[in-house]
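A.B. asks: Dropping the structure in here first, questions after.
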Amino acid sequence: MTTGQPGTGNTRPTSAGDSQVPPATPPTGATSAGSARAVATASAASTAGDRPDGDAGTDSPARGSGTRADAATDGGAKGTAGPTDGPAPDAARNGTATLDSADGTSAKDGAAAGNTAKRGDRVAASAAGDDSATGGDRASRATSDDSAKDGDTARGSDAKTGAAGNGRPARPTKGKKAKTDSPAKTETSVEADSPAKTETSAKTDSPAKTDSPAKTETSVEADGAAKPVTAERWEAFASAPEPAPSRLTRAARAVGRRLVHEWTLATLGALALAVLMTWPTLRYPRYTLPQDHWDPSLQAWQMAWSGHILLADPARLWQSNTFFPELWSFAFSDTLLGYAPAGMLGSGPEDAVLRYNIMFVLAHALATLGAYALARQLGAGRIGAAVAGVGYTYAPWLLAQAGHLHVLSNGGIPLALAMLARGHGWSLRHGYRPERRHDAWVYAGWLVAAWQISLGFGIGLPFAYFLAGAALIVAVLFGVRRLRSGRVLPFGRRLFVADVVGGVFFAGVGLLMALPYFQVTELHPYAERTIRDISIFSPPASGFVTAPAESRIWGGLHEGARAALPWHPEMTLLPGFVLYALAVGGLFFSVWRLRHRLLLLVGVLVTMAFAMGTRFFDGTFTYVPLFEHAPGWNALRTPGRLMLWVTLLLALLAAGAVTALTDRVRELAAQRIPSWPGPWLRMATLLPLLLVTLEGLNATPHPVVPTQPAAMRSAEGPLLVLPSDQSTDQHVMLWSTSGFPDVVNGGSGFTPRQLDDVRRVSQSFPDQMSVDYLRTLGVRTVVLLRGQVPGTPWEITIDAPVESLGITRQDVGDAVVYRL
């Protein structure tokens, strides 16, 4: 019988001394109980000196390294093990352990007294008799199962016989746990017709340590026929080892991991949602424009001009081809200069329209992704951040701004804030964590902020003031914390340098963008806004609950409320009733701290008061001081666009509430038994996201852009296109993208006086006075559009002879071209 020290992984047969095991000689027929019973006896020496080969089940680890002990007897079973220092286990001290077979056909030898180890050593027991193979297999399996349990005491396998109830299980042996460093290999052979013979070998590199699980091989010979029973025979049923992946496979797996990454999915989701929520913008992207074809035509020209001139002659950037012969004409309105790289692709009006529609969709995607990133950085969950992103981008009031790409291009604001917060190791939920600082994110945040302000000051100027105020508040808080605690919070020189360099770069870009506008103000002082201009566009409080006509959900229902507003395109400021409800819920149930919720609420109320312009106590305490004292603020004529900040703060409050809801649902789902309601509860957390998305559905019209006249493709500048007015001139600007000839026409936030004079004098064209005046300005070509002549003074003079004026006249398509 084999015994072992539990936990050591070394198989040590019990030393039997000179005890003899009688051979088992089964008769031909049924075996009698007296002649066929196989008895295995193991006796243990009482002292270490009586055990020259070592004890078979000691409580202390074996000594020595790399030893091998072998034992074989002629008439009995004798096993030896490595030297030990501890006392013999109880099973050895008690003298013998005998397993009997009731019917004499088999005597199962050695209940698998188990040495259990961390690596799962195996012990094989020898057996005698006709059924020795079966008994050996069972003992081996019992030993293997017991050895898989780390540190458990060895359990002997039951000695099962042909007649149930006659076998006695071996007494389990207790021992200490041991670590294994090197493999132990045990080989046992049993011959049925001869005395039991056991061969055991163990290799160790250090005391009682092996590196791999023990390997057991057993062969059985019964009645002279060799029947190999080995553990390796089951390897045929094992799965083939996985081949080492190739370089291409590893690359494909890396790409796959990237594709399922959160930010990859967020980006793709934002793009897909933008296409759906702005549909049918991309249905006919070369021929239609969202909402109307006036301001979008102007902005399509702006992108085309900036890309064209930066490649051709960057020094002429601010001296555009429109409003000839005015200077700094590119600064007559917001420029969308940050989209200049897109303007470098393609040429002509159709490409300009296509470019505009693509950037229109991408602007929505970037806003969604930026607000999502900000909410995630502040500590919101994925669903809560998605609610913030969708609520910020597709708020109903923004549907009225579908024709103002410079207003919709606001995604750089939350994205820059998210990067700056990440670089400074700060979040709303966890506060300041210095160990998470990273200056690279700070540089990226300032770079995105500079790009955002390059798109225009209508949205960028309040953002610049916000960043300046935030930097000041952070510096004050650090100073107060130092005075209170007497120690300086870790900030780091690298982070300080990143903030200084990034802030200087941001301020430099803003200053370079502002210089042309200062020049325009000097040349055209009448272009400056007044408090009266601000009052015209200041919305009342009812505007915060009124939706624009472009809202598919609320547009028709709020028709009466819109009629009561003086200028409803800039006064319908509903951010969404669902967003309102979620934000209110976020005041009471949120993952944000109470003081942060209150700060967000204060921010919402303050920005609402500023968005009302002069409607809030005549703006005495809000908009008017900024208008009079803040540099550049007097250029902002539409206070309602500050609703962008109200929407962002409401979205963050909503994100806190939805995150708290999803966390609670996750806890409830985990506590339920059975867990089947879990998926349904988690699906319920998507309801706020679904409602916010539905409230952002649009009914925005997409009119067809007027076709470029054939005369505009070959006309030489400087030229004047008649009729000329604010709306028509924006189409002329778009048509001028074919070669960018200098044109007198132009549309912007204000009308230069010289253009007013041109429109007034040219009412009598062609006559001598108008021809002389245009020649004085340098105009060489006049294009008169027949399709727009009805109802104008040119309806009579369009076919009048011009030979006496010294000019030529030619019909080109649906236009008449005069060459002065």
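Each chain in the structure tokens gets a letter, A, B, ..., in the order shown, and its residues are numbered from 1; ligands are numbered from 1 in order too.
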So that I can check the surroundings of segment 617-619 of chain A, please list as a VMD selection string every protein, DNA and RNA residue that reaches within 12 Å of it, counting only C-alpha atoms and ignoring chain neighbours fewer than 4 positions away.
C.D. replies: chain A and resid 531 to 532 534 to 535 538 to 541 608 to 613 623 to 628 639
A.B. asks: Using only C-alpha atoms for the distances, tell me which of A:Glu528, A:Glu716, A:Glu667, A:Glu550 is nearest to Arg682 of chain A.
C.D. replies: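 Distance minimum relative to Arg682 of chain A lands on A:Glu667.
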A.B. asks: Find the distance between atom CA of Phe505 of chain A and atom CA of Ala371 of chain A and write it in Å to one decimal.
C.D. replies: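 Distance between the two atoms: 23.7 Å.
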A.B. asks: Would you mind reading off the distance between atom CA of Val779 of chain A and atom CA of Pro793 of chain A, one decimal, in Å?
C.D. replies: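 Answer for the atom CA of Val779 of chain A to atom CA of Pro793 of chain A separation: 20.6 Å.
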A.B. asks: Considering only C-alpha atoms, give me a table of residues in segment 332-404 of chain A that are at most 9 Å from segment 410-430 of chain A, with the closest atom pair and distance in Å for each, as a Markdown table.
C.D. replies:
```
| residue | atom | partner | partner_atom | distance |
| --- | --- | --- | --- | --- |
| A:Ala363 | CA | A:Gly411 | CA | 6.7 |
| A:His364 | CA | A:Gly411 | CA | 7.5 |
| A:Ala365 | CA | A:Gly411 | CA | 8.0 |
| A:Leu366 | CA | A:Gly411 | CA | 5.0 |
| A:Ala367 | CA | A:Gly411 | CA | 3.5 |
| A:Thr368 | CA | A:Gly411 | CA | 7.1 |
| A:Leu369 | CA | A:Gly411 | CA | 7.5 |
| A:Gly370 | CA | A:Leu415 | CA | 4.1 |
| A:Ala371 | CA | A:Pro414 | CA | 5.2 |
| A:Tyr372 | CA | A:Pro414 | CA | 8.4 |
| A:Ala373 | CA | A:Ala418 | CA | 6.0 |
| A:Leu374 | CA | A:Ala418 | CA | 4.3 |
| A:Ala375 | CA | A:Ala418 | CA | 7.9 |
| A:Arg376 | CA | A:Ala418 | CA | 8.4 |
| A:Gln377 | CA | A:Ser427 | CA | 6.0 |
| A:Leu378 | CA | A:Ser427 | CA | 4.2 |
| A:Gly379 | CA | A:Arg429 | CA | 5.1 |
| A:Ala380 | CA | A:Arg429 | CA | 8.0 |
| A:Thr393 | CA | A:Gly411 | CA | 8.4 |
```
A.B. asks: Which residue, A:Ala471, A:Leu557, A:Arg482, A:Tyr339, has the smallest gap to Trp451 of chain A when you use only C-alpha atoms?
C.D. replies: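 The closest residue to Trp451 of chain A is A:Tyr339.
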A.B. asks: Could you name the residues that touch Pro723 of chain A at 9 Å or less, counting only C-alpha atoms, but leaving out those on the same chain fewer than 6 positions away, as number ranges by chain?
C.D. replies: A: 729, 759, 762-763, 783-785, 788-789, 792, 794
A.B. asks: Using N, CA and C atoms, can you export the residues from the last selection as a PDB file, in the first residue's frame?
C.D. replies:
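So part.pdb came out as:
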```
ATOM      1  N   ASP A 729     -26.782  87.851 -53.008  1.00  0.00           N
ATOM      2  CA  ASP A 729     -25.321  87.934 -53.014  1.00  0.00           C
ATOM      3  C   ASP A 729     -24.661  86.729 -52.358  1.00  0.00           C
ATOM      4  N   ARG A 759     -25.408  99.228 -55.041  1.00  0.00           N
ATOM      5  CA  ARG A 759     -26.763  98.736 -55.275  1.00  0.00           C
ATOM      6  C   ARG A 759     -27.715  99.887 -55.661  1.00  0.00           C
ATOM      7  N   SER A 762     -26.639 101.238 -59.329  1.00  0.00           N
ATOM      8  CA  SER A 762     -26.840 100.268 -60.411  1.00  0.00           C
ATOM      9  C   SER A 762     -28.311  99.996 -60.690  1.00  0.00           C
ATOM     10  N   GLN A 763     -29.221 100.601 -59.963  1.00  0.00           N
ATOM     11  CA  GLN A 763     -30.640 100.410 -60.249  1.00  0.00           C
ATOM     12  C   GLN A 763     -30.986 100.888 -61.671  1.00  0.00           C
ATOM     13  N   VAL A 783     -23.024  91.060 -64.846  1.00  0.00           N
ATOM     14  CA  VAL A 783     -23.856  89.920 -65.223  1.00  0.00           C
ATOM     15  C   VAL A 783     -25.268  90.194 -64.720  1.00  0.00           C
ATOM     16  N   LEU A 784     -26.223  90.258 -65.618  1.00  0.00           N
ATOM     17  CA  LEU A 784     -27.617  90.505 -65.277  1.00  0.00           C
ATOM     18  C   LEU A 784     -28.404  89.206 -65.458  1.00  0.00           C
ATOM     19  N   LEU A 785     -28.984  88.699 -64.387  1.00  0.00           N
ATOM     20  CA  LEU A 785     -29.676  87.412 -64.389  1.00  0.00           C
ATOM     21  C   LEU A 785     -31.128  87.606 -64.828  1.00  0.00           C
ATOM     22  N   GLN A 788     -34.194  86.615 -62.472  1.00  0.00           N
ATOM     23  CA  GLN A 788     -34.516  87.425 -61.309  1.00  0.00           C
ATOM     24  C   GLN A 788     -34.881  88.862 -61.667  1.00  0.00           C
ATOM     25  N   VAL A 789     -35.015  89.145 -62.955  1.00  0.00           N
ATOM     26  CA  VAL A 789     -35.320  90.507 -63.399  1.00  0.00           C
ATOM     27  C   VAL A 789     -36.785  90.901 -63.195  1.00  0.00           C
ATOM     28  N   THR A 792     -38.274  94.149 -61.221  1.00  0.00           N
ATOM     29  CA  THR A 792     -37.164  95.045 -60.901  1.00  0.00           C
ATOM     30  C   THR A 792     -37.022  96.096 -62.004  1.00  0.00           C
ATOM     31  N   TRP A 794     -34.670  96.541 -63.979  1.00  0.00           N
ATOM     32  CA  TRP A 794     -33.972  96.000 -65.150  1.00  0.00           C
ATOM     33  C   TRP A 794     -34.928  95.265 -66.095  1.00  0.00           C
TER      34      TRP A 794
END
```
A.B. asks: Quick one: everything within 10 Å of His731 of chain A, counting only C-alpha atoms, minus sequence neighbours fewer than 3 positions away in the same chain. Send it as a PDB file with N, CA, C and O atoms, in the first residue's frame.
C.D. replies:
```pdb
ATOM      1  N   HIS A 293     -30.967  78.164 -48.292  1.00  0.00           N
ATOM      2  CA  HIS A 293     -29.784  78.219 -49.150  1.00  0.00           C
ATOM      3  C   HIS A 293     -29.162  79.618 -49.152  1.00  0.00           C
ATOM      4  O   HIS A 293     -28.549  80.012 -50.135  1.00  0.00           O
ATOM      5  N   TRP A 294     -29.293  80.327 -48.042  1.00  0.00           N
ATOM      6  CA  TRP A 294     -28.679  81.652 -47.948  1.00  0.00           C
ATOM      7  C   TRP A 294     -27.429  81.614 -47.074  1.00  0.00           C
ATOM      8  O   TRP A 294     -26.311  81.600 -47.599  1.00  0.00           O
ATOM      9  N   ASP A 295     -27.600  81.559 -45.748  1.00  0.00           N
ATOM     10  CA  ASP A 295     -26.409  81.480 -44.889  1.00  0.00           C
ATOM     11  C   ASP A 295     -25.563  80.241 -45.174  1.00  0.00           C
ATOM     12  O   ASP A 295     -24.325  80.322 -45.155  1.00  0.00           O
ATOM     13  N   PRO A 296     -26.158  79.068 -45.429  1.00  0.00           N
ATOM     14  CA  PRO A 296     -25.312  77.921 -45.801  1.00  0.00           C
ATOM     15  C   PRO A 296     -24.485  78.171 -47.057  1.00  0.00           C
ATOM     16  O   PRO A 296     -23.348  77.682 -47.149  1.00  0.00           O
ATOM     17  N   SER A 297     -25.018  78.916 -48.032  1.00  0.00           N
ATOM     18  CA  SER A 297     -24.216  79.232 -49.222  1.00  0.00           C
ATOM     19  C   SER A 297     -23.027  80.102 -48.848  1.00  0.00           C
ATOM     20  O   SER A 297     -21.899  79.892 -49.345  1.00  0.00           O
ATOM     21  N   LEU A 298     -23.253  81.071 -47.961  1.00  0.00           N
ATOM     22  CA  LEU A 298     -22.159  81.914 -47.490  1.00  0.00           C
ATOM     23  C   LEU A 298     -21.076  81.086 -46.809  1.00  0.00           C
ATOM     24  O   LEU A 298     -19.877  81.251 -47.078  1.00  0.00           O
ATOM     25  N   ALA A 300     -20.521  77.841 -47.079  1.00  0.00           N
ATOM     26  CA  ALA A 300     -19.864  76.956 -48.041  1.00  0.00           C
ATOM     27  C   ALA A 300     -18.771  77.707 -48.783  1.00  0.00           C
ATOM     28  O   ALA A 300     -17.693  77.154 -49.061  1.00  0.00           O
ATOM     29  N   TRP A 301     -19.039  78.983 -49.138  1.00  0.00           N
ATOM     30  CA  TRP A 301     -18.005  79.798 -49.768  1.00  0.00           C
ATOM     31  C   TRP A 301     -16.831  80.038 -48.816  1.00  0.00           C
ATOM     32  O   TRP A 301     -15.665  80.007 -49.236  1.00  0.00           O
ATOM     33  N   PRO A 349     -18.878  75.195 -57.188  1.00  0.00           N
ATOM     34  CA  PRO A 349     -20.036  75.259 -56.289  1.00  0.00           C
ATOM     35  C   PRO A 349     -20.528  73.904 -55.813  1.00  0.00           C
ATOM     36  O   PRO A 349     -20.888  73.753 -54.642  1.00  0.00           O
ATOM     37  N   VAL A 705     -30.141  74.067 -54.042  1.00  0.00           N
ATOM     38  CA  VAL A 705     -29.314  75.254 -54.224  1.00  0.00           C
ATOM     39  C   VAL A 705     -29.507  75.795 -55.646  1.00  0.00           C
ATOM     40  O   VAL A 705     -29.529  75.023 -56.610  1.00  0.00           O
ATOM     41  N   PRO A 706     -29.660  77.104 -55.801  1.00  0.00           N
ATOM     42  CA  PRO A 706     -29.761  77.670 -57.162  1.00  0.00           C
ATOM     43  C   PRO A 706     -28.560  77.288 -58.017  1.00  0.00           C
ATOM     44  O   PRO A 706     -27.412  77.331 -57.563  1.00  0.00           O
ATOM     45  N   THR A 707     -28.841  76.934 -59.227  1.00  0.00           N
ATOM     46  CA  THR A 707     -27.782  76.490 -60.135  1.00  0.00           C
ATOM     47  C   THR A 707     -26.892  77.660 -60.555  1.00  0.00           C
ATOM     48  O   THR A 707     -27.381  78.765 -60.791  1.00  0.00           O
ATOM     49  N   GLN A 708     -25.633  77.402 -60.642  1.00  0.00           N
ATOM     50  CA  GLN A 708     -24.688  78.430 -61.062  1.00  0.00           C
ATOM     51  C   GLN A 708     -24.954  78.830 -62.524  1.00  0.00           C
ATOM     52  O   GLN A 708     -25.024  77.981 -63.406  1.00  0.00           O
ATOM     53  N   GLN A 726     -28.884  91.151 -50.028  1.00  0.00           N
ATOM     54  CA  GLN A 726     -28.231  90.296 -49.036  1.00  0.00           C
ATOM     55  C   GLN A 726     -28.376  88.817 -49.385  1.00  0.00           C
ATOM     56  O   GLN A 726     -27.398  88.062 -49.340  1.00  0.00           O
ATOM     57  N   SER A 727     -29.558  88.388 -49.733  1.00  0.00           N
ATOM     58  CA  SER A 727     -29.798  86.969 -49.988  1.00  0.00           C
ATOM     59  C   SER A 727     -29.182  86.514 -51.307  1.00  0.00           C
ATOM     60  O   SER A 727     -28.493  85.484 -51.371  1.00  0.00           O
ATOM     61  N   THR A 728     -29.424  87.267 -52.373  1.00  0.00           N
ATOM     62  CA  THR A 728     -28.898  86.879 -53.680  1.00  0.00           C
ATOM     63  C   THR A 728     -27.383  86.887 -53.701  1.00  0.00           C
ATOM     64  O   THR A 728     -26.751  86.016 -54.327  1.00  0.00           O
ATOM     65  N   LEU A 734     -21.180  81.833 -53.483  1.00  0.00           N
ATOM     66  CA  LEU A 734     -21.012  80.401 -53.737  1.00  0.00           C
ATOM     67  C   LEU A 734     -20.635  80.149 -55.187  1.00  0.00           C
ATOM     68  O   LEU A 734     -19.745  79.331 -55.471  1.00  0.00           O
ATOM     69  N   TRP A 735     -21.286  80.845 -56.117  1.00  0.00           N
ATOM     70  CA  TRP A 735     -20.963  80.644 -57.529  1.00  0.00           C
ATOM     71  C   TRP A 735     -19.538  81.074 -57.857  1.00  0.00           C
ATOM     72  O   TRP A 735     -18.929  80.542 -58.794  1.00  0.00           O
ATOM     73  N   SER A 736     -19.005  82.009 -57.099  1.00  0.00           N
ATOM     74  CA  SER A 736     -17.657  82.511 -57.393  1.00  0.00           C
ATOM     75  C   SER A 736     -16.565  81.516 -57.050  1.00  0.00           C
ATOM     76  O   SER A 736     -15.380  81.783 -57.303  1.00  0.00           O
ATOM     77  N   ASN A 745     -20.274  91.791 -55.129  1.00  0.00           N
ATOM     78  CA  ASN A 745     -21.351  91.262 -54.293  1.00  0.00           C
ATOM     79  C   ASN A 745     -20.787  90.651 -53.014  1.00  0.00           C
ATOM     80  O   ASN A 745     -19.627  90.203 -52.955  1.00  0.00           O
ATOM     81  N   GLY A 746     -21.643  90.581 -52.020  1.00  0.00           N
ATOM     82  CA  GLY A 746     -21.268  89.942 -50.765  1.00  0.00           C
ATOM     83  C   GLY A 746     -22.386  90.036 -49.748  1.00  0.00           C
ATOM     84  O   GLY A 746     -23.187  90.972 -49.760  1.00  0.00           O
ATOM     85  N   GLY A 747     -22.465  89.055 -48.859  1.00  0.00           N
ATOM     86  CA  GLY A 747     -23.446  89.046 -47.777  1.00  0.00           C
ATOM     87  C   GLY A 747     -22.762  88.707 -46.477  1.00  0.00           C
ATOM     88  O   GLY A 747     -21.915  87.811 -46.414  1.00  0.00           O
TER      89      GLY A 747
END
```
A.B. asks: Please return as JSON, numbers by chain: the residues of segment 694-775 of chain A that backbone DSSP assigns to alpha helix (DSSP H).
C.D. replies: {"A": [694, 695, 710, 711, 712, 713, 714, 726, 727, 728, 729, 730, 731, 732, 733, 734, 735, 753, 754, 755, 756, 757, 758, 759, 760, 761, 768, 769, 770, 771, 772, 773, 774, 775]}
A.B. asks: Next, dump the selected residues to file, keeping only C-alpha atoms, as a tab-separated table (two decimals), in the first residue's frame.
C.D. replies:
```tsv
chain	number	residue	atom	x	y	z
A	694	LEU	CA	-36.71	61.14	-30.10
A	695	GLU	CA	-37.07	64.72	-28.87
A	710	ALA	CA	-23.17	79.59	-67.17
A	711	ALA	CA	-21.98	83.19	-67.41
A	712	MET	CA	-20.33	82.91	-63.98
A	713	ARG	CA	-18.05	80.12	-65.15
A	714	SER	CA	-16.26	82.24	-67.73
A	726	GLN	CA	-28.23	90.30	-49.04
A	727	SER	CA	-29.80	86.97	-49.99
A	728	THR	CA	-28.90	86.88	-53.68
A	729	ASP	CA	-25.32	87.93	-53.01
A	730	GLN	CA	-24.77	84.88	-50.83
A	731	HIS	CA	-25.55	82.73	-53.85
A	732	VAL	CA	-23.12	84.80	-55.91
A	733	MET	CA	-20.41	84.14	-53.34
A	734	LEU	CA	-21.01	80.40	-53.74
A	735	TRP	CA	-20.96	80.64	-57.53
A	753	ARG	CA	-21.70	101.51	-47.24
A	754	GLN	CA	-19.89	101.20	-50.53
A	755	LEU	CA	-21.92	98.14	-51.41
A	756	ASP	CA	-25.04	100.07	-50.52
A	757	ASP	CA	-23.95	102.78	-52.95
A	758	VAL	CA	-23.30	100.24	-55.70
A	759	ARG	CA	-26.76	98.74	-55.28
A	760	ARG	CA	-28.37	102.15	-55.36
A	761	VAL	CA	-26.48	103.46	-58.40
A	768	GLN	CA	-23.86	106.47	-68.38
A	769	MET	CA	-23.79	107.37	-64.68
A	770	SER	CA	-23.81	103.75	-63.47
A	771	VAL	CA	-21.25	102.70	-66.07
A	772	ASP	CA	-18.87	105.49	-65.07
A	773	TYR	CA	-19.30	104.71	-61.37
A	774	LEU	CA	-18.58	101.02	-61.84
A	775	ARG	CA	-15.54	101.80	-63.98
```
